[in-house]
$ cat run-v3.txt   # compact mmCIF, C-alpha atoms
# COMPACT_ATOMS: atom_id res chain seq x y z
CA MET A 1 35.79 19.97 -0.99
CA ALA A 2 32.39 21.60 -1.17
CA ARG A 3 30.52 21.39 -4.42
CA PRO A 4 29.48 24.70 -5.95
CA ALA A 5 25.84 25.59 -5.48
CA ARG A 6 23.84 24.37 -8.42
CA GLU A 7 21.78 27.03 -10.08
CA ALA A 8 18.22 26.20 -10.90
CA PRO A 9 17.65 25.76 -14.62
CA PRO A 10 15.71 28.61 -16.21
CA GLY A 11 12.00 28.20 -16.52
CA LEU A 12 11.36 26.79 -13.07
CA LEU A 13 8.29 27.98 -11.24
CA THR A 14 10.51 29.97 -8.87
CA ASP A 15 11.79 32.03 -11.84
CA ARG A 16 8.29 33.12 -12.83
CA ASP A 17 6.20 35.98 -11.62
CA PRO A 18 5.90 35.52 -7.86
CA ASP A 19 2.24 36.58 -8.08
CA ALA A 20 1.38 33.92 -10.68
CA ASP A 21 -1.17 31.31 -9.65
CA PRO A 22 0.79 28.04 -9.26
CA VAL A 23 -2.16 26.00 -10.57
CA GLU A 24 -2.38 28.09 -13.74
CA VAL A 25 1.38 27.89 -14.24
CA ALA A 26 1.17 24.11 -13.78
CA LYS A 27 -1.65 23.86 -16.33
CA GLN A 28 0.41 25.80 -18.87
CA ILE A 29 3.40 23.51 -18.32
CA VAL A 30 1.22 20.42 -18.71
CA LEU A 31 -0.44 21.69 -21.88
CA ARG A 32 2.93 22.60 -23.37
CA GLN A 33 4.21 19.09 -22.59
CA LEU A 34 1.13 17.49 -24.14
CA SER A 35 1.56 19.57 -27.30
CA HIS A 36 4.85 17.72 -27.92
CA SER A 37 3.58 14.18 -27.38
CA PRO A 38 1.03 12.23 -25.33
CA LYS A 39 2.12 11.56 -21.77
CA THR A 40 0.79 9.76 -18.74
CA ARG A 41 -0.30 11.52 -15.61
CA GLN A 42 2.82 10.26 -13.81
CA GLN A 43 5.13 11.59 -16.51
CA LEU A 44 3.49 14.99 -16.28
CA ALA A 45 3.67 14.94 -12.47
CA GLU A 46 7.41 14.28 -12.75
CA VAL A 47 7.84 17.23 -15.11
CA LEU A 48 5.95 19.49 -12.71
CA ALA A 49 8.06 18.32 -9.78
CA LYS A 50 11.25 19.12 -11.72
CA ARG A 51 9.85 22.58 -12.40
CA ASP A 52 9.34 23.18 -8.66
CA VAL A 53 5.56 23.27 -8.87
CA PRO A 54 4.11 22.68 -5.39
CA GLU A 55 2.56 19.23 -5.10
CA TRP A 56 -0.89 20.59 -4.25
CA ALA A 57 -0.86 22.84 -7.34
CA ALA A 58 0.36 20.00 -9.55
CA GLU A 59 -2.45 17.73 -8.33
CA ARG A 60 -5.11 20.37 -8.95
CA ALA A 61 -3.76 21.15 -12.41
CA LEU A 62 -3.48 17.47 -13.35
CA ASP A 63 -6.99 16.80 -12.05
CA ARG A 64 -8.41 19.64 -14.14
CA VAL A 65 -6.55 18.68 -17.32
CA THR A 66 -7.63 15.05 -16.82
CA GLU A 67 -11.22 16.19 -16.30
CA LEU A 68 -11.03 18.06 -19.61
CA GLY A 69 -9.86 14.85 -21.31
CA TYR A 70 -6.31 15.91 -22.17
CA ILE A 71 -4.79 13.21 -19.98
CA ASN A 72 -6.09 9.70 -20.47
CA ASP A 73 -3.72 6.95 -19.39
CA GLU A 74 -5.88 4.23 -20.92
CA ALA A 75 -5.91 5.92 -24.33
CA PHE A 76 -2.16 6.50 -24.00
CA ALA A 77 -1.64 2.79 -23.21
CA ARG A 78 -3.77 1.65 -26.15
CA ALA A 79 -1.89 3.88 -28.59
CA TRP A 80 1.46 2.85 -27.10
CA VAL A 81 0.68 -0.86 -27.44
CA GLU A 82 -0.66 -0.49 -30.98
CA SER A 83 2.36 1.50 -32.10
CA ARG A 84 5.14 -0.40 -30.35
CA HIS A 85 3.73 -3.87 -31.02
CA ARG A 86 3.02 -3.18 -34.67
CA THR A 87 6.08 -1.10 -35.62
CA LYS A 88 8.75 -2.48 -33.30
CA GLY A 89 7.38 -5.99 -32.83
CA LEU A 90 7.74 -5.77 -29.06
CA SER A 91 6.35 -8.57 -26.94
CA GLU A 92 3.62 -8.29 -24.34
CA ARG A 93 6.23 -8.57 -21.57
CA VAL A 94 8.26 -5.59 -22.83
CA LEU A 95 5.14 -3.52 -23.48
CA ARG A 96 3.94 -4.22 -19.92
CA ARG A 97 7.24 -3.03 -18.47
CA GLU A 98 7.27 0.12 -20.62
CA LEU A 99 3.72 1.07 -19.62
CA LEU A 100 4.33 0.44 -15.93
CA ASP A 101 7.54 2.49 -16.11
CA ARG A 102 5.49 5.36 -17.53
CA GLY A 103 3.06 5.22 -14.64
CA VAL A 104 0.08 3.50 -16.22
CA ASP A 105 -1.99 1.69 -13.59
CA ARG A 106 -1.40 -2.10 -13.48
CA ALA A 107 -5.11 -2.90 -13.94
CA CYS A 108 -5.27 -0.62 -16.99
CA VAL A 109 -2.14 -2.26 -18.42
CA ASP A 110 -3.70 -5.70 -17.94
CA VAL A 111 -6.88 -4.69 -19.78
CA VAL A 112 -5.08 -2.97 -22.65
CA LEU A 113 -2.63 -5.81 -23.18
CA THR A 114 -5.35 -8.45 -22.98
CA GLU A 115 -7.28 -6.63 -25.70
CA GLY A 116 -4.30 -5.55 -27.81
CA VAL A 117 -1.82 -8.42 -27.72
CA ASP A 118 -2.94 -12.02 -27.89
CA ARG A 119 -0.80 -15.08 -28.43
CA ASP A 120 -1.54 -15.14 -32.17
CA SER A 121 -0.66 -11.49 -32.78
CA GLU A 122 2.48 -11.87 -30.70
CA ARG A 123 3.56 -14.92 -32.72
CA ALA A 124 2.72 -13.11 -35.98
CA ALA A 125 4.86 -10.13 -34.95
CA ALA A 126 7.74 -12.45 -34.02
CA THR A 127 7.42 -14.23 -37.36
CA GLU A 128 7.47 -10.94 -39.24
CA LEU A 129 10.61 -9.84 -37.38
CA VAL A 130 12.38 -13.11 -38.19
CA GLU A 131 11.36 -13.04 -41.86
CA LYS A 132 12.55 -9.45 -42.21
CA LYS A 133 15.89 -10.11 -40.53
CA LEU A 134 16.40 -13.35 -42.45
CA ARG A 135 16.40 -11.41 -45.76
CA SER A 136 19.69 -9.79 -44.73
CA MET A 137 21.28 -13.07 -43.59
CA SER A 138 21.82 -14.92 -46.86
CA GLY A 139 24.77 -17.25 -46.77
CA VAL A 140 24.80 -17.51 -42.98
CA ASP A 141 25.09 -20.98 -41.47
CA ARG A 142 21.78 -22.30 -40.09
CA ASP A 143 23.09 -22.62 -36.52
CA VAL A 144 24.43 -19.06 -36.59
CA ALA A 145 21.13 -17.83 -38.05
CA ILE A 146 19.18 -19.59 -35.31
CA ARG A 147 21.36 -18.05 -32.61
CA ARG A 148 21.08 -14.54 -34.08
CA LEU A 149 17.35 -14.72 -34.73
CA VAL A 150 16.53 -16.15 -31.30
CA GLY A 151 18.70 -13.41 -29.79
CA LEU A 152 16.77 -10.79 -31.76
CA LEU A 153 13.46 -12.08 -30.43
CA GLY A 154 14.87 -12.35 -26.91
CA ARG A 155 15.84 -8.66 -26.99
CA LYS A 156 12.28 -7.85 -28.06
CA GLY A 157 11.01 -9.73 -24.99
CA TYR A 158 9.73 -12.96 -26.52
CA PRO A 159 9.92 -16.09 -24.37
CA SER A 160 12.63 -18.50 -25.49
CA GLY A 161 10.18 -21.31 -26.31
CA MET A 162 8.23 -19.10 -28.68
CA ALA A 163 11.42 -17.63 -30.14
CA PHE A 164 12.91 -21.02 -30.97
CA GLY A 165 9.59 -22.25 -32.38
CA VAL A 166 9.12 -19.24 -34.64
CA VAL A 167 12.72 -19.31 -35.86
CA ARG A 168 12.56 -23.04 -36.56
CA ASP A 169 9.24 -22.68 -38.43
CA VAL A 170 10.48 -19.80 -40.59
CA LEU A 171 13.80 -21.47 -41.38
CA ASP A 172 12.07 -24.75 -42.24
CA ARG A 173 9.61 -22.94 -44.51
CA GLU A 174 12.45 -21.00 -46.20
CA SER A 175 14.46 -24.17 -46.88
CA GLU A 176 11.56 -26.06 -48.50
CA PRO A 177 11.92 -26.36 -52.26
CA PRO A 178 9.21 -24.57 -54.21
CA HIS A 179 6.26 -26.77 -55.16
CA PRO A 180 5.97 -27.38 -58.92
CA ARG A 181 2.83 -26.08 -60.54
CA PRO A 182 0.57 -28.75 -62.08
$ encode --input "run-v3.txt" --output "C-alpha cells"
Amino acid sequence: MARPAREAPPGLLTDRDPDADPVEVAKQIVLRQLSHSPKTRQQLAEVLAKRDVPEWAAERALDRVTELGYINDEAFARAWVESRHRTKGLSERVLRRELLDRGVDRACVDVVLTEGVDRDSERAAATELVEKKLRSMSGVDRDVAIRRLVGLLGRKGYPSGMAFGVVRDVLDRESEPPHPRP
C-alpha cells in the first residue's frame, strides 16, 4: 500500500516568493531562531536544512551571521556549562555529551569544560544535590538512602566512586551529633 504524499509544512523556503534571495531568507530564519534562544551553528544548519534552504545559501548565511557575532559556539558552550552545572548539577561527562550533541567542536568543549568544571566544583555540585534530596528522605533506612542518592548522582553523570564517596560523607556528617557549645 502506497503511503500518501506528505505535504511540506508551511513556511519552507519553497513556499516563499520564488524570487527571494535564498541567502537573505536563510539569514531571516537564523535570526528568528536566535531570537528565541541561543543556538549552535550546527543546530541552525539543521533548522535551515529542514526548511529546504539550499546548502550553499545556508553556509553563506551562517558565515555572515557568525561574522557579525550572533553565532558563537564557544560563548554558547560557556553559558550552557555554567547554567546546567550550576542549576541542574550535571557532571562534566553529561555536559560534554550535551555540547557535542549540539554540534560544539570537541576542542572547544574540552577548553570550556576544563575552565568551567573542575573536580572540586563537580564534587560540590554533587554534595549540594545529595544534601537537597536528603531533606525529603527523613525516616528512610540508610541503605535505601544510599541506593537512592547514588542513583540520583548516577543519572546526573557522576562516576560511581565519586557518588558513593559524596553520599557516604554527607550521610556521615548528617548522623553526627551536634557538638556542645563551650
$ residues_around --input "run-v3.txt" --residues "A:Lys88" --least-positions-apart "6" --cutoff "12 Å" --atoms "only C-alpha atoms" --output "JSON, numbers by chain"
{"A": [80, 81, 82, 94, 95, 122, 125, 126, 128, 129, 132, 152, 153, 155, 156, 157]}
$ closest_residue --input "run-v3.txt" --among "A:Arg168, A:His85, A:His36, A:Arg41" --to "A:Val117" --atoms "all atoms listed in the file"
A:His85
$ closest_residue --input "run-v3.txt" --among "A:Arg60, A:Arg51, A:Leu113, A:Asn72" --to "A:Arg84" --atoms "all atoms listed in the file"
A:Leu113
$ atom_distance --input "run-v3.txt" --atom1 "atom CA of A:Val65" --atom2 "atom CA of A:Lys27"
7.2 Å
$ atom_distance --input "run-v3.txt" --atom1 "atom CA of A:Glu98" --atom2 "atom CA of A:Val130"
22.6 Å
$ atom_distance --input "run-v3.txt" --atom1 "atom CA of A:Asp63" --atom2 "atom CA of A:Leu44"
11.4 Å
$ closest_residue --input "run-v3.txt" --among "A:Glu55, A:Arg96, A:Val144, A:Ala61" --to "A:Ile29" --atoms "all atoms listed in the file"
A:Ala61
$ axis_aligned_box --input "run-v3.txt" --around "stretch 83-87 of chain A" --padding-each-side "5 Å" --output "JSON"
{"center_x": 4.2, "center_y": -1.2, "center_z": -33.0, "size_x": 13.7, "size_y": 15.4, "size_z": 15.3}
$ closest_residue --input "run-v3.txt" --among "A:Lys133, A:Arg102, A:Arg32, A:Arg148" --to "A:Glu46" --atoms "only C-alpha atoms"
A:Arg102
$ closest_residue --input "run-v3.txt" --among "A:Gly89, A:Asp21, A:Asp118, A:Glu74" --to "A:Arg106" --atoms "only C-alpha atoms"
A:Glu74
$ closest_residue --input "run-v3.txt" --among "A:Leu62, A:Ala124, A:Ala26, A:Ala45" --to "A:Leu90" --atoms "all atoms listed in the file"
A:Ala124
